There are 2 protein chains.
Amino acid sequence: MRGCGINSQRLIRDLRDLSSFGAVGKGVTRLSYSPADVEARLWLLRKMSDAGLQAWIDEVGNVYGRSLANRAILLGSHTDTVPQGGWLDGSLGVIYALEIARCMRESGAPVGVDVVSFVEEEGTYLSWFGSRHFCGDIGAEQINAARSEIGRPLVDALKEFAGALQKAGVACAPAHLDRNRHVAYLEAHIEQGPRLEVENKKIGAVTGIVGIRNRQICFQGASAHAGTTPMSLRRDACGTMIRFACSLLDEFERSASPNTVWNIGYIRLEPGRRNVVPGKSEFSLQYRDPSSETLAYLDKVVTESIAAANRSDGVVCSSTTGFSVEPLHLDPRLSRRISEAADALDVPWIAMPSGAGHDAAALARHLPAGLLFVPSIGGHSHTTEENTSDDDIVLGAEVMLEAVSNICIQGSI
Amino acid sequence: MRGCGINSQRLIRDLRDLSSFGAVGKGVTRLSYSPADVEARLWLLRKMSDAGLQAWIDEVGNVYGRSLANRAILLGSHTDTVPQGGWLDGSLGVIYALEIARCMRESGAPVGVDVVSFVEEEGTYLSWFGSRHFCGDIGAEQINAARSEIGRPLVDALKEFAGALQKAGVACAPAHLDRNRHVAYLEAHIEQGPRLEVENKKIGAVTGIVGIRNRQICFQGASAHAGTTPMSLRRDACGTMIRFACSLLDEFERSASPNTVWNIGYIRLEPGRRNVVPGKSEFSLQYRDPSSETLAYLDKVVTESIAAANRSDGVVCSSTTGFSVEPLHLDPRLSRRISEAADALDVPWIAMPSGAGHDAAALARHLPAGLLFVPSIGGHSHTTEENTSDDDIVLGAEVMLEAVSNICIQGSI
């Protein structure tokens, strides 16, 4: 009842072929609904059909390949990229899914393998549009409101996409999550960070996706001549900000979990001239953690630090809160399937959170969802330098096949 | 042999009249060689003649009024302003000089009062151009090279200025420092800082002009994804910079003299996005002190801090050195004349350094030079909000007249 093994040459060749659509140096620019993206989707549609899947494209661009089985584990990721992105990124997970579907085709297992390539994970118009639409979580208002960075409406892109499909003689059909059919969603992705490489592991069994907090911390003092104003008479927004930021970084080091990350990404001073004491300053603070409790504690740390800063020195400190997401726990049964598969194949793995968002987060709201990482060389991501060794690519596919095969054959996650 | 006292109404009226040239709200925009500046110079020329001085304008725009005596103390400042500048600034010292020349006109003292309004103290084209030219410290190359911020050559401005004088029927003649004639230079100026006001003093007897150091401190790390890169694997140029700057500010507080001032005026992060760990950062550090020894010690503090920063954490710290001036000591006999005059009139004074440069610094290289400050309301300077109360303006003129009168009558500083 077992399927065949990963065909490593076929796997790498499919990834290379896919990377030719929108190739830029060693990387790829394949924004959703661009000509390169549409061509890549039509190529993938043919590949799915060749794999014996019943394949179609839905009205927003998701490419879906349905197996003959009545129940299926859904495997996939996305094939759109950021500008000057990497050749693997989400493509890795889509081609893994395709290859595993091919391997499991003749298995006769009670659970089959369905394959999906979601559109618009990168959010050229609307982040995770494809996966959220697949789950029924996107309304018409969101679609009508969505614009690209240069102001192009998503609806215009969708119309043009429909025209391109028609021209290619491809008819659309809806593709949606079906809880009676789909037993789980499993996605593979490059790590996009350096941890697996540094720890010399080949597989990340992802436990969850971190929550994110964004805050902007502002300081209001008074600008003054930097030569004629004695230190004791200044209300220096920069000096206060630096002392605040320094003690906040110390406090984060004390309060954070081993999985917490935090970043000060920009700083702005006004008027920003070397001979003027800054009257205003602000910086961005972003922190991420897989635990809601840790994030809530860090929220408190920031709020209390601001209150403490306002008990002294005449510079007023305040903050505004930006984009915020709660952490998401992936299904522990699926991460155990991944780690058990890695152990079975003697492949070194670690359990780890994902520091970035993925389509799996959209699916996890409705279905048991899992995520598997393979190493990123140098931790590079969203650049044309992004890469993973062929050996690691094949190893990742073999571990994923082992996990999927066990689920399909046993008929449950 | 004593002259008459300050005519306070005449003094304030002259200041108000001068401020009408280029008036902008409560302030003045009178850039060197602009039509408003030329009109103001022609007005001043007439005022000097009316005061019984032999008055002329030199080829660069300095307005010079020579008394009938064979030896003279030179009094003055500048009448050009920054854009949207204050109504007093250097004009105060020029009108003080004019008023004191009027008061001393009939004194018959062995030393007379010459009056000067230097052009271009603010450096629209070339800082302290008028006073440095008057002292013979400017060469043709410097004049030919000088450009305004928008790229206009100084020589074009000078040509246009010559045309405007010709049109007005005014002939130019050279005006130069004459060590056989000029016994000293004394300048009054608004403080441009808050110290006199805060300490409730009316006169600053300036002891010297601070030296200035400008450095740019740079950090080179590696930019990385702020979600997927664990803290231990980052080379965060911002975090390192913040800790460095914080400890440097502490070190400056420990090492500085009561007169030292320092400022971090700008900070730049690259790429400067909330979700990217900054790979590069830099900030400006400026510090000023009246003592060369203190400045040299602070230079060492900065250099050693950079060396210490480079002993840890993988982010490389370096610095570049910008515009630097050594401190300048004004003649202590002149500051004593100022403080003795204040005491004689029962006016509260302090000895203090000047945190900003003035024409007096150019003169001090050749002649005993002194500088007197009057309070700036709120410490405002180089803004249209700049102001000094009429009472304080008159008090300052009376103290200066007392000091000048003593020098003129006694025939030496």
# chains A, B, ... in the order shown; residues from 1 in each chain; ligands from 1
>>> residues_around(residues="Arg181 of chain B", least_positions_apart="3", cutoff="9 Å", atoms="only C-alpha atoms", output="PyMOL selection string")
chain B and resi 70-73+177-178
>>> write_last_selection(atoms="C-alpha atoms", output="PDB file, in the first residue's frame")
ATOM      1  CA  ASN B  70      43.510 109.134  16.039  1.00  0.00           C
ATOM      2  CA  ARG B  71      42.992 106.007  18.133  1.00  0.00           C
ATOM      3  CA  ALA B  72      39.694 104.223  18.567  1.00  0.00           C
ATOM      4  CA  ILE B  73      37.995 101.245  20.111  1.00  0.00           C
ATOM      5  CA  LEU B 177      41.858  96.573  10.725  1.00  0.00           C
ATOM      6  CA  ASP B 178      44.563  99.059  11.697  1.00  0.00           C
TER       7      ASP B 178
END
>>> closest_atom_pairs(of="chain A", to="chain B", cutoff="9 Å", atoms="only C-alpha atoms", output="JSON lines")
{"residue": "A:Glu191", "atom": "CA", "partner": "B:Thr228", "partner_atom": "CA", "distance": 7.7}
{"residue": "A:Gln192", "atom": "CA", "partner": "B:Thr228", "partner_atom": "CA", "distance": 6.2}
{"residue": "A:Gly193", "atom": "CA", "partner": "B:Thr228", "partner_atom": "CA", "distance": 4.8}
{"residue": "A:Pro194", "atom": "CA", "partner": "B:Thr229", "partner_atom": "CA", "distance": 6.3}
{"residue": "A:Arg195", "atom": "CA", "partner": "B:Pro230", "partner_atom": "CA", "distance": 7.2}
{"residue": "A:Val198", "atom": "CA", "partner": "B:Leu233", "partner_atom": "CA", "distance": 8.6}
{"residue": "A:Val210", "atom": "CA", "partner": "B:Gly227", "partner_atom": "CA", "distance": 8.3}
{"residue": "A:Ile212", "atom": "CA", "partner": "B:Gly227", "partner_atom": "CA", "distance": 8.8}
{"residue": "A:Asn214", "atom": "CA", "partner": "B:Arg274", "partner_atom": "CA", "distance": 8.1}
{"residue": "A:Ala224", "atom": "CA", "partner": "B:His380", "partner_atom": "CA", "distance": 7.6}
{"residue": "A:His225", "atom": "CA", "partner": "B:Gly193", "partner_atom": "CA", "distance": 7.2}
{"residue": "A:Ala226", "atom": "CA", "partner": "B:Asn263", "partner_atom": "CA", "distance": 6.3}
{"residue": "A:Gly227", "atom": "CA", "partner": "B:Gly355", "partner_atom": "CA", "distance": 4.3}
{"residue": "A:Thr228", "atom": "CA", "partner": "B:Gly355", "partner_atom": "CA", "distance": 4.4}
{"residue": "A:Thr229", "atom": "CA", "partner": "B:Gly193", "partner_atom": "CA", "distance": 5.1}
{"residue": "A:Pro230", "atom": "CA", "partner": "B:Val261", "partner_atom": "CA", "distance": 6.3}
{"residue": "A:Met231", "atom": "CA", "partner": "B:Val261", "partner_atom": "CA", "distance": 6.0}
{"residue": "A:Leu233", "atom": "CA", "partner": "B:Pro194", "partner_atom": "CA", "distance": 7.5}
{"residue": "A:Asp236", "atom": "CA", "partner": "B:Asn263", "partner_atom": "CA", "distance": 8.7}
{"residue": "A:Cys238", "atom": "CA", "partner": "B:Ile264", "partner_atom": "CA", "distance": 6.8}
{"residue": "A:Gly239", "atom": "CA", "partner": "B:Ile264", "partner_atom": "CA", "distance": 7.4}
{"residue": "A:Ile242", "atom": "CA", "partner": "B:Cys246", "partner_atom": "CA", "distance": 5.9}
{"residue": "A:Arg243", "atom": "CA", "partner": "B:Cys246", "partner_atom": "CA", "distance": 5.7}
{"residue": "A:Ala245", "atom": "CA", "partner": "B:Ile242", "partner_atom": "CA", "distance": 7.0}
{"residue": "A:Cys246", "atom": "CA", "partner": "B:Arg243", "partner_atom": "CA", "distance": 5.7}
{"residue": "A:Ser247", "atom": "CA", "partner": "B:Arg243", "partner_atom": "CA", "distance": 8.9}
{"residue": "A:Leu249", "atom": "CA", "partner": "B:Gly239", "partner_atom": "CA", "distance": 7.8}
{"residue": "A:Pro258", "atom": "CA", "partner": "B:Pro230", "partner_atom": "CA", "distance": 8.7}
{"residue": "A:Asn259", "atom": "CA", "partner": "B:Pro230", "partner_atom": "CA", "distance": 7.4}
{"residue": "A:Thr260", "atom": "CA", "partner": "B:Pro230", "partner_atom": "CA", "distance": 7.9}
{"residue": "A:Val261", "atom": "CA", "partner": "B:Met231", "partner_atom": "CA", "distance": 6.0}
{"residue": "A:Trp262", "atom": "CA", "partner": "B:Ala226", "partner_atom": "CA", "distance": 7.1}
{"residue": "A:Asn263", "atom": "CA", "partner": "B:Val277", "partner_atom": "CA", "distance": 6.2}
{"residue": "A:Ile264", "atom": "CA", "partner": "B:Arg274", "partner_atom": "CA", "distance": 6.6}
{"residue": "A:Gly265", "atom": "CA", "partner": "B:Arg274", "partner_atom": "CA", "distance": 4.1}
{"residue": "A:Tyr266", "atom": "CA", "partner": "B:Gly272", "partner_atom": "CA", "distance": 4.5}
{"residue": "A:Ile267", "atom": "CA", "partner": "B:Ile267", "partner_atom": "CA", "distance": 6.8}
{"residue": "A:Arg268", "atom": "CA", "partner": "B:Ile267", "partner_atom": "CA", "distance": 7.1}
{"residue": "A:Leu269", "atom": "CA", "partner": "B:Tyr266", "partner_atom": "CA", "distance": 6.1}
{"residue": "A:Glu270", "atom": "CA", "partner": "B:Tyr266", "partner_atom": "CA", "distance": 8.1}
{"residue": "A:Pro271", "atom": "CA", "partner": "B:Gly265", "partner_atom": "CA", "distance": 8.0}
{"residue": "A:Gly272", "atom": "CA", "partner": "B:Tyr266", "partner_atom": "CA", "distance": 4.5}
{"residue": "A:Arg273", "atom": "CA", "partner": "B:Gly265", "partner_atom": "CA", "distance": 5.0}
{"residue": "A:Arg274", "atom": "CA", "partner": "B:Gly265", "partner_atom": "CA", "distance": 4.1}
{"residue": "A:Asn275", "atom": "CA", "partner": "B:Gly265", "partner_atom": "CA", "distance": 6.3}
{"residue": "A:Val276", "atom": "CA", "partner": "B:Gly265", "partner_atom": "CA", "distance": 6.0}
{"residue": "A:Val277", "atom": "CA", "partner": "B:Gly265", "partner_atom": "CA", "distance": 6.0}
{"residue": "A:Pro278", "atom": "CA", "partner": "B:Gly265", "partner_atom": "CA", "distance": 6.0}
{"residue": "A:Phe283", "atom": "CA", "partner": "B:Arg274", "partner_atom": "CA", "distance": 8.9}
{"residue": "A:Ser284", "atom": "CA", "partner": "B:Arg274", "partner_atom": "CA", "distance": 5.9}
{"residue": "A:Leu285", "atom": "CA", "partner": "B:Arg274", "partner_atom": "CA", "distance": 7.1}
{"residue": "A:Gln286", "atom": "CA", "partner": "B:Arg274", "partner_atom": "CA", "distance": 6.7}
{"residue": "A:Tyr287", "atom": "CA", "partner": "B:Gly227", "partner_atom": "CA", "distance": 8.2}
{"residue": "A:Arg288", "atom": "CA", "partner": "B:Gly227", "partner_atom": "CA", "distance": 6.8}
{"residue": "A:Ser354", "atom": "CA", "partner": "B:Thr228", "partner_atom": "CA", "distance": 6.9}
{"residue": "A:Gly355", "atom": "CA", "partner": "B:Gly227", "partner_atom": "CA", "distance": 4.3}
{"residue": "A:Ala356", "atom": "CA", "partner": "B:Gly227", "partner_atom": "CA", "distance": 5.6}
{"residue": "A:Gly379", "atom": "CA", "partner": "B:Thr229", "partner_atom": "CA", "distance": 7.6}
{"residue": "A:His380", "atom": "CA", "partner": "B:Ala224", "partner_atom": "CA", "distance": 7.8}
{"residue": "A:Ser381", "atom": "CA", "partner": "B:His225", "partner_atom": "CA", "distance": 7.8}
>>> residues_around(residues="segment 302-310 of chain A", least_positions_apart="4", cutoff="8 Å", atoms="only C-alpha atoms", output="list in words")
Phe244, Leu248, Leu298, Gly314, Val315, Val316, Cys317, Ser318 and Ser319 of chain A
>>> closest_atom_pairs(of="segment 177-252 of chain A", to="segment 365-376 of chain A", cutoff="10 Å", atoms="only C-alpha atoms", output="JSON lines")
{"residue": "A:Leu177", "atom": "CA", "partner": "A:His366", "partner_atom": "CA", "distance": 8.6}
{"residue": "A:Asp178", "atom": "CA", "partner": "A:Leu367", "partner_atom": "CA", "distance": 9.5}
{"residue": "A:Arg179", "atom": "CA", "partner": "A:Leu367", "partner_atom": "CA", "distance": 7.4}
{"residue": "A:His182", "atom": "CA", "partner": "A:Leu367", "partner_atom": "CA", "distance": 7.9}
{"residue": "A:Val183", "atom": "CA", "partner": "A:Leu367", "partner_atom": "CA", "distance": 7.3}
{"residue": "A:Ala184", "atom": "CA", "partner": "A:Pro368", "partner_atom": "CA", "distance": 4.9}
{"residue": "A:Tyr185", "atom": "CA", "partner": "A:Ala369", "partner_atom": "CA", "distance": 4.7}
{"residue": "A:Leu186", "atom": "CA", "partner": "A:Gly370", "partner_atom": "CA", "distance": 4.7}
{"residue": "A:Glu187", "atom": "CA", "partner": "A:Leu371", "partner_atom": "CA", "distance": 4.8}
{"residue": "A:Ala188", "atom": "CA", "partner": "A:Leu372", "partner_atom": "CA", "distance": 4.7}
{"residue": "A:His189", "atom": "CA", "partner": "A:Phe373", "partner_atom": "CA", "distance": 5.2}
{"residue": "A:Ile190", "atom": "CA", "partner": "A:Val374", "partner_atom": "CA", "distance": 5.0}
{"residue": "A:Glu191", "atom": "CA", "partner": "A:Phe373", "partner_atom": "CA", "distance": 5.0}
{"residue": "A:Gln192", "atom": "CA", "partner": "A:Ser376", "partner_atom": "CA", "distance": 5.8}
{"residue": "A:Gly193", "atom": "CA", "partner": "A:Ser376", "partner_atom": "CA", "distance": 6.3}
{"residue": "A:Pro194", "atom": "CA", "partner": "A:Ser376", "partner_atom": "CA", "distance": 6.4}
{"residue": "A:Arg195", "atom": "CA", "partner": "A:Pro375", "partner_atom": "CA", "distance": 7.8}
{"residue": "A:Leu196", "atom": "CA", "partner": "A:Pro375", "partner_atom": "CA", "distance": 5.4}
{"residue": "A:Glu197", "atom": "CA", "partner": "A:Pro375", "partner_atom": "CA", "distance": 5.8}
{"residue": "A:Val198", "atom": "CA", "partner": "A:Pro375", "partner_atom": "CA", "distance": 9.3}
{"residue": "A:Asn200", "atom": "CA", "partner": "A:Pro375", "partner_atom": "CA", "distance": 8.9}
{"residue": "A:Lys201", "atom": "CA", "partner": "A:Pro375", "partner_atom": "CA", "distance": 7.7}
{"residue": "A:Lys202", "atom": "CA", "partner": "A:Val374", "partner_atom": "CA", "distance": 5.9}
{"residue": "A:Ile203", "atom": "CA", "partner": "A:Val374", "partner_atom": "CA", "distance": 5.2}
{"residue": "A:Gly204", "atom": "CA", "partner": "A:Phe373", "partner_atom": "CA", "distance": 4.6}
{"residue": "A:Ala205", "atom": "CA", "partner": "A:Leu372", "partner_atom": "CA", "distance": 5.2}
{"residue": "A:Val206", "atom": "CA", "partner": "A:Leu371", "partner_atom": "CA", "distance": 5.3}
{"residue": "A:Thr207", "atom": "CA", "partner": "A:Leu371", "partner_atom": "CA", "distance": 7.8}
{"residue": "A:Gly208", "atom": "CA", "partner": "A:Leu371", "partner_atom": "CA", "distance": 8.3}
{"residue": "A:Ile209", "atom": "CA", "partner": "A:Leu371", "partner_atom": "CA", "distance": 9.4}
>>> closest_residue(among="A:Ala157, A:Glu251, A:Ser91, A:Leu68", to="Ala109 of chain A", atoms="only C-alpha atoms")
A:Leu68
>>> select_by_dssp(residues="segment 125-256 of chain A", states="alpha helix (DSSP H)", output="JSON, numbers by chain")
{"A": [129, 130, 131, 132, 133, 134, 140, 141, 142, 143, 144, 145, 154, 155, 156, 157, 158, 159, 160, 161, 162, 163, 164, 165, 166, 167, 195, 196, 197, 198, 237, 238, 239, 240, 241, 242, 243, 244, 245, 246, 247, 248, 249, 250, 251, 252, 253, 254, 255]}
>>> atom_distance(atom1="atom CA of Glu149 of chain B", atom2="atom CA of Arg132 of chain B")
20.2 Å
>>> select_by_dssp(residues="segment 262-401 of chain B", states="strand (DSSP E or B)", output="PyMOL selection string")
chain B and resi 262-270+276-277+280-289+316-321+325+328-329+349-354+369-374
>>> closest_residue(among="A:Ala168, A:Phe252, A:Lys26, A:Asp89", to="Leu45 of chain A", atoms="only C-alpha atoms")
A:Ala168
>>> atom_distance(atom1="atom CA of Phe21 of chain B", atom2="atom CA of Trp128 of chain B")
21.0 Å
>>> residues_around(residues="Lys167 of chain A", least_positions_apart="5", cutoff="12 Å", atoms="only C-alpha atoms", output="JSON list (two decimals) with N, CA, C and O atoms, in the first residue's frame")
[["chain", "number", "residue", "atom", "x", "y", "z"],
["A", 38, "VAL", "N", 1.21, 34.24, -14.01],
["A", 38, "VAL", "CA", 0.14, 33.54, -14.73],
["A", 38, "VAL", "C", 0.72, 32.35, -15.49],
["A", 38, "VAL", "O", 0.19, 31.23, -15.44],
["A", 39, "GLU", "N", 1.83, 32.59, -16.17],
["A", 39, "GLU", "CA", 2.49, 31.48, -16.90],
["A", 39, "GLU", "C", 2.86, 30.35, -15.96],
["A", 39, "GLU", "O", 2.71, 29.17, -16.29],
["A", 42, "LEU", "N", -0.18, 28.32, -15.09],
["A", 42, "LEU", "CA", -0.62, 27.43, -16.18],
["A", 42, "LEU", "C", 0.32, 26.22, -16.29],
["A", 42, "LEU", "O", -0.12, 25.09, -16.53],
["A", 160, "GLU", "N", -7.88, 41.28, -15.32],
["A", 160, "GLU", "CA", -6.84, 40.98, -16.29],
["A", 160, "GLU", "C", -6.46, 39.50, -16.23],
["A", 160, "GLU", "O", -6.23, 38.86, -17.25],
["A", 161, "PHE", "N", -6.45, 38.96, -15.02],
["A", 161, "PHE", "CA", -6.12, 37.55, -14.83],
["A", 161, "PHE", "C", -7.17, 36.66, -15.51],
["A", 161, "PHE", "O", -6.84, 35.70, -16.22],
["A", 162, "ALA", "N", -8.45, 37.02, -15.31],
["A", 162, "ALA", "CA", -9.53, 36.26, -15.95],
["A", 162, "ALA", "C", -9.37, 36.27, -17.47],
["A", 162, "ALA", "O", -9.55, 35.24, -18.14]]
>>> closest_residue(among="B:Ser49, B:Ser34, B:Ser255, B:Asn144", to="Val119 of chain B", atoms="only C-alpha atoms")
B:Ser34
>>> atom_distance(atom1="atom CA of Pro348 of chain B", atom2="atom CA of Arg10 of chain B")
24.3 Å
